[in-house]
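Novice: Sending over input19.pdb (PDB, C-alpha atoms).
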ATOM      1  CA  MET A  28       6.644  -8.509  30.597
ATOM      2  CA  ILE A  29       5.970  -9.034  26.876
ATOM      3  CA  VAL A  30       7.461  -5.593  26.179
ATOM      4  CA  LEU A  31      10.689  -6.456  27.991
ATOM      5  CA  GLN A  32      10.939  -9.904  26.459
ATOM      6  CA  SER A  33      10.260  -8.710  22.916
ATOM      7  CA  LEU A  34      12.035  -5.357  22.750
ATOM      8  CA  PHE A  35      15.008  -5.617  25.099
ATOM      9  CA  PRO A  36      16.961  -8.116  22.911
ATOM     10  CA  VAL A  37      16.378  -5.959  19.826
ATOM     11  CA  PHE A  38      17.404  -2.640  21.345
ATOM     12  CA  PHE A  39      20.314  -4.289  23.151
ATOM     13  CA  MET A  40      21.692  -5.444  19.789
ATOM     14  CA  LEU A  41      21.227  -1.939  18.373
ATOM     15  CA  LEU A  42      23.090  -0.477  21.352
ATOM     16  CA  LEU A  43      25.808  -3.099  21.003
ATOM     17  CA  GLY A  44      26.251  -2.134  17.361
ATOM     18  CA  ALA A  45      26.676   1.509  18.361
ATOM     19  CA  VAL A  46      29.129   0.632  21.164
ATOM     20  CA  LEU A  47      31.238  -1.601  18.917
ATOM     21  CA  LYS A  48      31.464   1.227  16.378
ATOM     22  CA  ARG A  49      32.297   3.754  19.107
ATOM     23  CA  PHE A  50      35.236   1.666  20.358
ATOM     24  CA  GLU A  51      36.356   0.914  16.787
ATOM     25  CA  LEU A  52      35.732  -2.822  17.067
ATOM     26  CA  THR A  53      33.757  -2.329  13.878
ATOM     27  CA  ASN A  54      34.168   0.382  11.266
ATOM     28  CA  THR A  55      32.358   1.916   8.314
ATOM     29  CA  VAL A  56      33.757  -0.644   5.867
ATOM     30  CA  PHE A  57      32.584  -3.553   8.021
ATOM     31  CA  LEU A  58      29.117  -2.038   8.490
ATOM     32  CA  LYS A  59      28.636  -1.373   4.779
ATOM     33  CA  THR A  60      29.770  -4.912   3.960
ATOM     34  CA  ALA A  61      27.482  -6.386   6.618
ATOM     35  CA  ASP A  62      24.572  -4.325   5.329
ATOM     36  CA  ARG A  63      25.121  -5.545   1.765
ATOM     37  CA  LEU A  64      25.361  -9.171   2.913
ATOM     38  CA  VAL A  65      22.125  -8.889   4.871
ATOM     39  CA  TYR A  66      20.263  -6.956   2.183
ATOM     40  CA  PHE A  67      21.275  -9.004  -0.838
ATOM     41  CA  ILE A  68      21.808 -12.500   0.601
ATOM     42  CA  PHE A  69      20.830 -13.366   4.171
ATOM     43  CA  PHE A  70      17.563 -11.467   4.584
ATOM     44  CA  PRO A  71      16.117 -12.428   1.176
ATOM     45  CA  ALA A  72      17.056 -16.052   1.898
ATOM     46  CA  MET A  73      15.301 -15.836   5.255
ATOM     47  CA  LEU A  74      12.133 -14.359   3.735
ATOM     48  CA  PHE A  75      12.071 -16.929   0.930
ATOM     49  CA  TRP A  76      12.481 -19.760   3.431
ATOM     50  CA  LYS A  77       9.896 -18.505   5.932
ATOM     51  CA  ILE A  78       7.241 -17.916   3.289
ATOM     52  CA  GLY A  79       8.104 -20.833   1.022
ATOM     53  CA  SER A  80       8.107 -23.451   3.775
ATOM     54  CA  ALA A  81       4.623 -22.547   5.028
ATOM     55  CA  PRO A  82       1.768 -23.975   2.933
ATOM     56  CA  ALA A  83      -0.546 -21.540   4.734
ATOM     57  CA  ALA A  84       1.144 -18.717   2.823
ATOM     58  CA  ALA A  85      -0.861 -19.731  -0.230
ATOM     59  CA  ASN A  86      -4.181 -19.320   1.666
ATOM     60  CA  VAL A  87      -3.667 -16.263   3.888
ATOM     61  CA  ASP A  88      -6.610 -13.902   4.338
ATOM     62  CA  PHE A  89      -5.302 -10.622   2.960
ATOM     63  CA  GLY A  90      -7.712  -8.358   4.863
ATOM     64  CA  TYR A  91      -4.974  -7.305   7.259
ATOM     65  CA  ILE A  92      -2.840  -6.198   4.317
ATOM     66  CA  GLN A  93      -5.717  -4.085   3.040
ATOM     67  CA  ALA A  94      -5.853  -2.277   6.404
ATOM     68  CA  ALA A  95      -2.096  -1.636   6.374
ATOM     69  CA  LEU A  96      -2.293  -0.457   2.755
ATOM     70  CA  LEU A  97      -5.053   2.040   3.532
ATOM     71  CA  ALA A  98      -3.100   3.340   6.540
ATOM     72  CA  LEU A  99       0.016   3.855   4.423
ATOM     73  CA  LEU A 100      -1.839   5.644   1.633
ATOM     74  CA  THR A 101      -3.685   7.902   4.069
ATOM     75  CA  THR A 102      -0.478   8.852   5.866
ATOM     76  CA  PHE A 103       1.311   9.434   2.555
ATOM     77  CA  VAL A 104      -1.424  11.843   1.452
ATOM     78  CA  LEU A 105      -1.401  13.688   4.795
ATOM     79  CA  SER A 106       2.408  14.021   4.793
ATOM     80  CA  SER A 107       2.336  15.222   1.164
ATOM     81  CA  VAL A 108      -0.214  17.885   2.081
ATOM     82  CA  TYR A 109       2.047  18.937   4.968
ATOM     83  CA  ILE A 110       4.997  19.287   2.575
ATOM     84  CA  ARG A 111       2.924  21.599   0.371
ATOM     85  CA  LEU A 112       1.359  23.695   3.138
ATOM     86  CA  ARG A 113       4.225  24.005   5.587
ATOM     87  CA  PRO A 114       6.055  24.218   3.222
ATOM     88  CA  VAL A 115       9.011  21.850   3.530
ATOM     89  CA  ARG A 116      11.875  23.010   1.347
ATOM     90  CA  ASP A 117      12.315  21.020  -1.871
ATOM     91  CA  PHE A 118      15.749  19.678  -0.910
ATOM     92  CA  ALA A 119      14.332  18.113   2.263
ATOM     93  CA  ALA A 120      10.969  16.937   0.886
ATOM     94  CA  GLY A 121      12.067  13.499  -0.306
ATOM     95  CA  ALA A 122      13.870  12.589   2.912
ATOM     96  CA  PHE A 123      11.020  13.947   5.042
ATOM     97  CA  SER A 124       8.364  12.070   3.088
ATOM     98  CA  GLN A 125      10.154   8.749   3.547
ATOM     99  CA  SER A 126      10.552   9.337   7.282
ATOM    100  CA  CYS A 127       6.748   9.442   7.590
ATOM    101  CA  TYR A 128       6.051   5.900   6.382
ATOM    102  CA  ARG A 129       9.180   3.923   5.462
ATOM    103  CA  PHE A 130       9.869   1.202   8.035
ATOM    104  CA  ASN A 131      12.916  -0.699   9.305
ATOM    105  CA  THR A 132      12.418  -4.270   8.096
ATOM    106  CA  TYR A 133      15.195  -5.769  10.227
ATOM    107  CA  ILE A 134      13.910  -4.394  13.525
ATOM    108  CA  GLY A 135      10.408  -5.456  12.530
ATOM    109  CA  MET A 136      11.423  -9.036  11.839
ATOM    110  CA  ALA A 137      13.300  -9.264  15.136
ATOM    111  CA  VAL A 138      10.403  -7.858  17.187
ATOM    112  CA  VAL A 139       7.829 -10.066  15.459
ATOM    113  CA  MET A 140       9.984 -13.155  15.980
ATOM    114  CA  ASN A 141      10.266 -12.444  19.705
ATOM    115  CA  ALA A 142       6.639 -11.411  20.227
ATOM    116  CA  LEU A 143       4.587 -13.469  17.774
ATOM    117  CA  GLY A 144       6.710 -16.481  16.854
ATOM    118  CA  GLU A 145       6.792 -18.412  13.577
ATOM    119  CA  GLU A 146       3.186 -17.758  12.557
ATOM    120  CA  GLY A 147       3.631 -14.049  13.147
ATOM    121  CA  LEU A 148       6.751 -14.101  10.977
ATOM    122  CA  LEU A 149       4.714 -15.582   8.144
ATOM    123  CA  TYR A 150       2.123 -12.799   8.327
ATOM    124  CA  PHE A 151       4.832 -10.148   8.600
ATOM    125  CA  SER A 152       6.879 -11.545   5.706
ATOM    126  CA  ILE A 153       3.900 -11.564   3.348
ATOM    127  CA  LEU A 154       2.891  -8.075   4.520
ATOM    128  CA  ILE A 155       6.250  -6.471   3.806
ATOM    129  CA  GLY A 156       6.660  -8.384   0.545
ATOM    130  CA  LEU A 157       3.449  -6.901  -0.824
ATOM    131  CA  LEU A 158       3.827  -3.379   0.600
ATOM    132  CA  ILE A 159       7.508  -2.726  -0.156
ATOM    133  CA  PRO A 160       6.736  -2.127  -3.860
ATOM    134  CA  LEU A 161       4.144   0.514  -2.965
ATOM    135  CA  ILE A 162       6.506   2.200  -0.515
ATOM    136  CA  ASN A 163       9.248   2.314  -3.137
ATOM    137  CA  VAL A 164       6.874   3.907  -5.644
ATOM    138  CA  MET A 165       5.829   6.575  -3.115
ATOM    139  CA  ALA A 166       9.418   7.300  -2.058
ATOM    140  CA  VAL A 167      10.915   7.495  -5.547
ATOM    141  CA  SER A 168       8.025   9.603  -6.875
ATOM    142  CA  VAL A 169       8.419  12.280  -4.185
ATOM    143  CA  LEU A 170      12.211  12.255  -4.410
ATOM    144  CA  ILE A 171      12.188  12.789  -8.165
ATOM    145  CA  TRP A 172       9.391  15.373  -8.034
ATOM    146  CA  TYR A 173      11.328  17.591  -5.615
ATOM    147  CA  SER A 174      14.849  16.800  -6.802
ATOM    148  CA  GLY A 175      15.045  19.629  -9.303
ATOM    149  CA  GLN A 176      15.911  17.172 -12.047
ATOM    150  CA  PRO A 177      13.841  16.660 -15.206
ATOM    151  CA  ALA A 178      10.642  15.038 -13.978
ATOM    152  CA  ASP A 179       9.335  13.586 -17.208
ATOM    153  CA  GLY A 180       7.056  10.590 -16.829
ATOM    154  CA  ARG A 181       9.340   8.216 -18.710
ATOM    155  CA  ARG A 182      12.335   8.882 -16.458
ATOM    156  CA  ARG A 183      10.228   8.631 -13.311
ATOM    157  CA  LEU A 184       8.767   5.321 -14.473
ATOM    158  CA  ALA A 185      12.226   3.967 -15.347
ATOM    159  CA  VAL A 186      13.679   4.841 -11.934
ATOM    160  CA  THR A 187      10.679   3.365 -10.122
ATOM    161  CA  LEU A 188      10.688   0.140 -12.125
ATOM    162  CA  ARG A 189      14.433  -0.232 -11.582
ATOM    163  CA  ALA A 190      13.969   0.179  -7.826
ATOM    164  CA  LEU A 191      11.222  -2.429  -7.798
ATOM    165  CA  GLY A 192      12.752  -4.924 -10.183
ATOM    166  CA  THR A 193      16.106  -5.030  -8.409
ATOM    167  CA  ASN A 194      14.790  -5.086  -4.834
ATOM    168  CA  PRO A 195      15.899  -8.455  -3.399
ATOM    169  CA  LEU A 196      13.268  -8.403  -0.640
ATOM    170  CA  ILE A 197      10.425  -8.083  -3.139
ATOM    171  CA  ILE A 198      11.879 -10.847  -5.295
ATOM    172  CA  ALA A 199      12.365 -13.139  -2.292
ATOM    173  CA  CYS A 200       8.828 -12.633  -0.965
ATOM    174  CA  LEU A 201       7.151 -13.196  -4.319
ATOM    175  CA  ALA A 202       9.340 -16.242  -4.984
ATOM    176  CA  GLY A 203       8.507 -17.622  -1.538
ATOM    177  CA  MET A 204       4.761 -17.230  -2.108
ATOM    178  CA  LEU A 205       5.080 -18.980  -5.463
ATOM    179  CA  TYR A 206       7.131 -21.803  -3.929
ATOM    180  CA  ALA A 207       4.576 -22.188  -1.108
ATOM    181  CA  ARG A 208       1.808 -22.602  -3.653
ATOM    182  CA  VAL A 209       3.748 -25.052  -5.836
ATOM    183  CA  ALA A 210       5.676 -27.117  -3.267
ATOM    184  CA  GLY A 211       5.093 -25.892   0.285
ATOM    185  CA  ARG A 212       8.132 -27.513   1.875
ATOM    186  CA  PHE A 213      11.889 -27.766   1.407
ATOM    187  CA  PRO A 214      14.067 -30.880   1.400
ATOM    188  CA  ILE A 215      15.661 -31.396   4.806
ATOM    189  CA  PHE A 216      19.163 -30.424   3.661
ATOM    190  CA  LEU A 217      17.884 -27.103   2.265
ATOM    191  CA  ASP A 218      15.690 -26.508   5.288
ATOM    192  CA  ASN A 219      18.696 -26.950   7.575
ATOM    193  CA  THR A 220      20.810 -24.671   5.379
ATOM    194  CA  PHE A 221      18.256 -21.843   5.449
ATOM    195  CA  ARG A 222      17.803 -22.277   9.206
ATOM    196  CA  LEU A 223      21.559 -21.909   9.724
ATOM    197  CA  MET A 224      21.560 -18.739   7.612
ATOM    198  CA  THR A 225      18.855 -17.181   9.778
ATOM    199  CA  TYR A 226      21.105 -17.462  12.831
ATOM    200  CA  VAL A 227      23.349 -14.895  11.118
ATOM    201  CA  THR A 228      20.710 -12.640   9.589
ATOM    202  CA  LEU A 229      19.046 -10.711  12.404
ATOM    203  CA  PRO A 230      22.056 -10.276  14.735
ATOM    204  CA  LEU A 231      24.188  -9.011  11.850
ATOM    205  CA  ALA A 232      21.366  -6.752  10.616
ATOM    206  CA  LEU A 233      20.781  -5.200  14.043
ATOM    207  CA  LEU A 234      24.503  -4.653  14.645
ATOM    208  CA  SER A 235      24.692  -2.925  11.265
ATOM    209  CA  VAL A 236      21.704  -0.690  12.021
ATOM    210  CA  GLY A 237      23.050   0.207  15.474
ATOM    211  CA  GLY A 238      26.492   1.003  14.124
ATOM    212  CA  SER A 239      25.008   3.223  11.425
ATOM    213  CA  LEU A 240      22.999   5.422  13.791
ATOM    214  CA  THR A 241      24.484   8.870  14.228
ATOM    215  CA  LEU A 242      23.593  12.141  15.933
ATOM    216  CA  ALA A 243      24.982  14.109  12.999
ATOM    217  CA  GLY A 244      22.587  16.852  11.948
ATOM    218  CA  LEU A 245      20.029  16.043  14.665
ATOM    219  CA  ARG A 246      20.149  19.466  16.322
ATOM    220  CA  GLU A 247      19.827  21.383  13.036
ATOM    221  CA  ASN A 248      16.985  19.152  11.793
ATOM    222  CA  LEU A 249      15.245  18.342  15.071
ATOM    223  CA  SER A 250      11.939  20.062  14.250
ATOM    224  CA  LEU A 251      11.438  18.386  10.869
ATOM    225  CA  ALA A 252      12.767  15.030  12.120
ATOM    226  CA  ALA A 253      10.306  15.198  15.034
ATOM    227  CA  THR A 254       7.450  15.935  12.646
ATOM    228  CA  GLY A 255       8.427  12.927  10.536
ATOM    229  CA  ALA A 256       8.510  10.770  13.684
ATOM    230  CA  PHE A 257       5.062  12.130  14.606
ATOM    231  CA  PHE A 258       3.651  10.962  11.277
ATOM    232  CA  LYS A 259       5.505   7.629  11.378
ATOM    233  CA  LEU A 260       4.945   6.618  15.001
ATOM    234  CA  LEU A 261       1.605   8.255  15.818
ATOM    235  CA  VAL A 262      -0.400   9.215  12.725
ATOM    236  CA  LEU A 263       0.398   6.017  10.788
ATOM    237  CA  PRO A 264      -0.438   3.630  13.689
ATOM    238  CA  ALA A 265      -3.615   5.602  14.473
ATOM    239  CA  ASN A 266      -4.733   5.276  10.853
ATOM    240  CA  GLY A 267      -3.881   1.586  10.943
ATOM    241  CA  TYR A 268      -5.844   1.003  14.137
ATOM    242  CA  PHE A 269      -8.866   2.729  12.588
ATOM    243  CA  PHE A 270      -8.799   0.634   9.412
ATOM    244  CA  LEU A 271      -8.127  -2.619  11.284
ATOM    245  CA  ARG A 272     -11.214  -2.028  13.422
ATOM    246  CA  LEU A 273     -13.225  -0.885  10.402
ATOM    247  CA  LEU A 274     -12.396  -4.137   8.575
ATOM    248  CA  HIS A 275     -12.895  -6.252  11.727
ATOM    249  CA  ILE A 276      -9.327  -7.575  11.759
ATOM    250  CA  GLY A 277      -8.253  -9.158  15.037
ATOM    251  CA  GLY A 278      -5.933 -11.716  16.543
ATOM    252  CA  LEU A 279      -2.469 -12.313  15.126
ATOM    253  CA  PRO A 280      -2.982 -10.292  11.901
ATOM    254  CA  PHE A 281      -4.040  -7.285  14.001
ATOM    255  CA  ARG A 282      -0.959  -7.512  16.213
ATOM    256  CA  THR A 283       1.311  -8.001  13.191
ATOM    257  CA  VAL A 284       0.028  -4.862  11.482
ATOM    258  CA  MET A 285       0.298  -2.767  14.651
ATOM    259  CA  ILE A 286       3.938  -3.805  15.119
ATOM    260  CA  PHE A 287       4.586  -3.075  11.446
ATOM    261  CA  LEU A 288       3.066   0.409  11.698
ATOM    262  CA  THR A 289       4.995   1.387  14.844
ATOM    263  CA  LEU A 290       8.450   0.488  13.533
ATOM    264  CA  PRO A 291      11.137   3.208  13.271
ATOM    265  CA  ALA A 292      12.123   4.743   9.966
ATOM    266  CA  ALA A 293      14.365   2.648   7.730
ATOM    267  CA  THR A 294      18.078   3.314   7.296
ATOM    268  CA  ALA A 295      17.408   2.991   3.553
ATOM    269  CA  ILE A 296      16.037   6.545   3.720
ATOM    270  CA  TYR A 297      19.611   7.829   3.863
ATOM    271  CA  VAL A 298      20.772   5.745   0.892
ATOM    272  CA  LEU A 299      17.895   6.673  -1.406
ATOM    273  CA  SER A 300      18.044  10.333  -0.401
ATOM    274  CA  SER A 301      21.733  10.371  -1.285
ATOM    275  CA  GLN A 302      21.120   8.747  -4.658
ATOM    276  CA  LEU A 303      18.250  11.051  -5.624
ATOM    277  CA  HIS A 304      19.563  14.378  -4.303
ATOM    278  CA  SER A 305      17.654  14.926  -1.071
ATOM    279  CA  ASP A 306      18.769  16.050   2.402
ATOM    280  CA  THR A 307      20.919  13.281   3.911
ATOM    281  CA  ASP A 308      21.433  15.217   7.163
ATOM    282  CA  LEU A 309      17.674  15.263   7.680
ATOM    283  CA  ALA A 310      17.486  11.584   6.723
ATOM    284  CA  SER A 311      20.128  10.711   9.322
ATOM    285  CA  ALA A 312      18.401  12.793  12.000
ATOM    286  CA  ALA A 313      14.999  11.268  11.220
ATOM    287  CA  ILE A 314      16.361   7.715  11.440
ATOM    288  CA  MET A 315      18.074   8.389  14.768
ATOM    289  CA  LEU A 316      15.114  10.131  16.408
ATOM    290  CA  SER A 317      12.577   7.639  15.077
ATOM    291  CA  THR A 318      14.613   4.699  16.356
ATOM    292  CA  LEU A 319      14.886   6.203  19.840
ATOM    293  CA  VAL A 320      11.168   7.021  20.079
ATOM    294  CA  SER A 321      10.045   3.721  18.572
ATOM    295  CA  PHE A 322      10.677   1.929  21.874
ATOM    296  CA  ALA A 323       7.578   3.707  23.172
ATOM    297  CA  SER A 324       5.452   3.149  20.056
ATOM    298  CA  LEU A 325       6.356  -0.542  19.830
ATOM    299  CA  SER A 326       5.650  -0.975  23.537
ATOM    300  CA  ILE A 327       2.141   0.403  23.055
ATOM    301  CA  ALA A 328       1.583  -1.813  20.010
ATOM    302  CA  LEU A 329       2.589  -4.904  21.983
ATOM    303  CA  LEU A 330       0.255  -4.007  24.850
ATOM    304  CA  ILE A 331      -2.855  -3.301  22.734
TER     305      ILE A 331
END
Output the structure of this file as structure tokens.
Specialist:
Amino acid sequence: MIVLQSLFPVFFMLLLGAVLKRFELTNTVFLKTADRLVYFIFFPAMLFWKIGSAPAAANVDFGYIQAALLALLTTFVLSSVYIRLRPVRDFAAGAFSQSCYRFNTYIGMAVVMNALGEEGLLYFSILIGLLIPLINVMAVSVLIWYSGQPADGRRRLAVTLRALGTNPLIIACLAGMLYARVAGRFPIFLDNTFRLMTYVTLPLALLSVGGSLTLAGLRENLSLAATGAFFKLLVLPANGYFFLRLLHIGGLPFRTVMIFLTLPAATAIYVLSSQLHSDTDLASAAIMLSTLVSFASLSIALLI
């Protein structure tokens, strides 16, 4: 029952987004605008509010983050070895690498809210706030390395720092943790304002993700997209489960990490691949396939 209650609303909204786009009730302009609003305004505001209004955020045991971090690094190394040994062609390497570990934040927040409630959202918000910088470093490094452009250390560092310093989710999470430590609560009028904004955030985000999903390039890139999904939805969660048990993490932090590790690939893979000269057809195929298969992986995570 927990699977139905937690996942059905999320995947229904994704399907609704796709249906609205199919019948031209939304269009590409609307979806891009909605995505920008969510990414730069509504979602950062939600993260800042959730973390900043919980005094417990200043005293969270970070062992569960260590387990997730080790799982990510292990999977990144394994996928990088696969790129070298397979080998994956240079043009596809950056998109493929991201599909192995980069996660969809919006779907994650919606699933955690349904399955774990407010306390789970706190754990998840802190987790993504601290791991997004690492994921950006991994993604940008591989993209630049295989892009065929000059790969001097100074340029690579500049691109990475720009990606980190301008990421609104990172800024919001760090600001929320600082606010939680300094104040720990918002005035009622601000609390009500942030709460009203959250009513918009996740529905709009899920509609945008659903409307952006496409089958374009799936047939031509099915093998590599399936391999990326294998790393993302099987290898990564298996690594996470191992490290969580190794570090004796249980309860809500355990469930939060398992949901985090079984999320589908992020739609941001397409955007970054486009900006840094990687295979956008593969990126699109990987996002679509990963999203479809993630219903199974998330179901298992919720039942563990």
Novice: So that I can see what lies close to Phe257 of chain A, please list as a PDB file with C-alpha atoms, in the frame of the given file the residues with an atom at most 10 Å from it, counting all atoms listed in the file and leaving out residues fewer than 4 positions away in the same chain.
Specialist:
ATOM      1  CA  SER A 126      10.552   9.337   7.282  1.00  0.00           C
ATOM      2  CA  CYS A 127       6.748   9.442   7.590  1.00  0.00           C
ATOM      3  CA  LEU A 251      11.438  18.386  10.869  1.00  0.00           C
ATOM      4  CA  ALA A 252      12.767  15.030  12.120  1.00  0.00           C
ATOM      5  CA  ALA A 253      10.306  15.198  15.034  1.00  0.00           C
ATOM      6  CA  LEU A 261       1.605   8.255  15.818  1.00  0.00           C
ATOM      7  CA  VAL A 262      -0.400   9.215  12.725  1.00  0.00           C
ATOM      8  CA  LEU A 263       0.398   6.017  10.788  1.00  0.00           C
ATOM      9  CA  SER A 317      12.577   7.639  15.077  1.00  0.00           C
ATOM     10  CA  VAL A 320      11.168   7.021  20.079  1.00  0.00           C
TER      11      VAL A 320
END
Novice: Could you give me, as a list in words, the residues within 12 Å of Phe69 of chain A, counting all atoms listed in the file and dropping anything in the same chain fewer than 3 positions from it?
Specialist: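 Close residues of Phe69 of chain A: Ala61, Asp62, Arg63, Leu64, Val65, Tyr66, Ala72, Met73, Leu74, Phe75, Trp76, Tyr133, Pro195, Leu196, Ala199, Thr220, Phe221, Arg222, Leu223, Met224, Thr225, Tyr226, Val227, Thr228, Leu229, Pro230, Leu231 and Ala232 of chain A.
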Novice: Save out the residues we just selected, C-alpha atoms, as a PDB file, in the frame of the given file.
Specialist:
ATOM      1  CA  ALA A  61      27.482  -6.386   6.618  1.00  0.00           C
ATOM      2  CA  ASP A  62      24.572  -4.325   5.329  1.00  0.00           C
ATOM      3  CA  ARG A  63      25.121  -5.545   1.765  1.00  0.00           C
ATOM      4  CA  LEU A  64      25.361  -9.171   2.913  1.00  0.00           C
ATOM      5  CA  VAL A  65      22.125  -8.889   4.871  1.00  0.00           C
ATOM      6  CA  TYR A  66      20.263  -6.956   2.183  1.00  0.00           C
ATOM      7  CA  ALA A  72      17.056 -16.052   1.898  1.00  0.00           C
ATOM      8  CA  MET A  73      15.301 -15.836   5.255  1.00  0.00           C
ATOM      9  CA  LEU A  74      12.133 -14.359   3.735  1.00  0.00           C
ATOM     10  CA  PHE A  75      12.071 -16.929   0.930  1.00  0.00           C
ATOM     11  CA  TRP A  76      12.481 -19.760   3.431  1.00  0.00           C
ATOM     12  CA  TYR A 133      15.195  -5.769  10.227  1.00  0.00           C
ATOM     13  CA  PRO A 195      15.899  -8.455  -3.399  1.00  0.00           C
ATOM     14  CA  LEU A 196      13.268  -8.403  -0.640  1.00  0.00           C
ATOM     15  CA  ALA A 199      12.365 -13.139  -2.292  1.00  0.00           C
ATOM     16  CA  THR A 220      20.810 -24.671   5.379  1.00  0.00           C
ATOM     17  CA  PHE A 221      18.256 -21.843   5.449  1.00  0.00           C
ATOM     18  CA  ARG A 222      17.803 -22.277   9.206  1.00  0.00           C
ATOM     19  CA  LEU A 223      21.559 -21.909   9.724  1.00  0.00           C
ATOM     20  CA  MET A 224      21.560 -18.739   7.612  1.00  0.00           C
ATOM     21  CA  THR A 225      18.855 -17.181   9.778  1.00  0.00           C
ATOM     22  CA  TYR A 226      21.105 -17.462  12.831  1.00  0.00           C
ATOM     23  CA  VAL A 227      23.349 -14.895  11.118  1.00  0.00           C
ATOM     24  CA  THR A 228      20.710 -12.640   9.589  1.00  0.00           C
ATOM     25  CA  LEU A 229      19.046 -10.711  12.404  1.00  0.00           C
ATOM     26  CA  PRO A 230      22.056 -10.276  14.735  1.00  0.00           C
ATOM     27  CA  LEU A 231      24.188  -9.011  11.850  1.00  0.00           C
ATOM     28  CA  ALA A 232      21.366  -6.752  10.616  1.00  0.00           C
TER      29      ALA A 232
END
Novice: Using only C-alpha atoms, which of A:Ile78, A:Gln125, A:Thr294, A:Phe151 sits nearest Lys59 of chain A?
Specialist: A:Thr294
Novice: Restricting the calculation to only C-alpha atoms, which member of A:Ser124, A:Ser321, A:Asn248, A:Ser80 is positioned closest to Leu105 of chain A?
Specialist: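 Among A:Ser124, A:Ser321, A:Asn248, A:Ser80, it is A:Ser124 that comes nearest to Leu105 of chain A.
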Novice: Could you list, with a cut-off of 12 Å and counting only C-alpha atoms, the residues of segment 267-329 of chain A near segment 41-56 of chain A, each shown with its nearest atom pair and the distance in Å rounded to one decimal, rows sorted by chain and ascending number, as a tab-separated table?
Specialist:
residue	atom	partner	partner_atom	distance
A:Met315	CA	A:Leu41	CA	11.4
A:Thr318	CA	A:Leu41	CA	9.6
A:Leu319	CA	A:Leu41	CA	10.4
A:Phe322	CA	A:Leu41	CA	11.8
Novice: Given all atoms listed in the file as the basis, pick out the residue of A:Met165, A:Ala202, A:Leu271, A:Ala256 nearest to Val104 of chain A.
Specialist: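 With all atoms listed in the file as the atom set, the closest residue is A:Met165.
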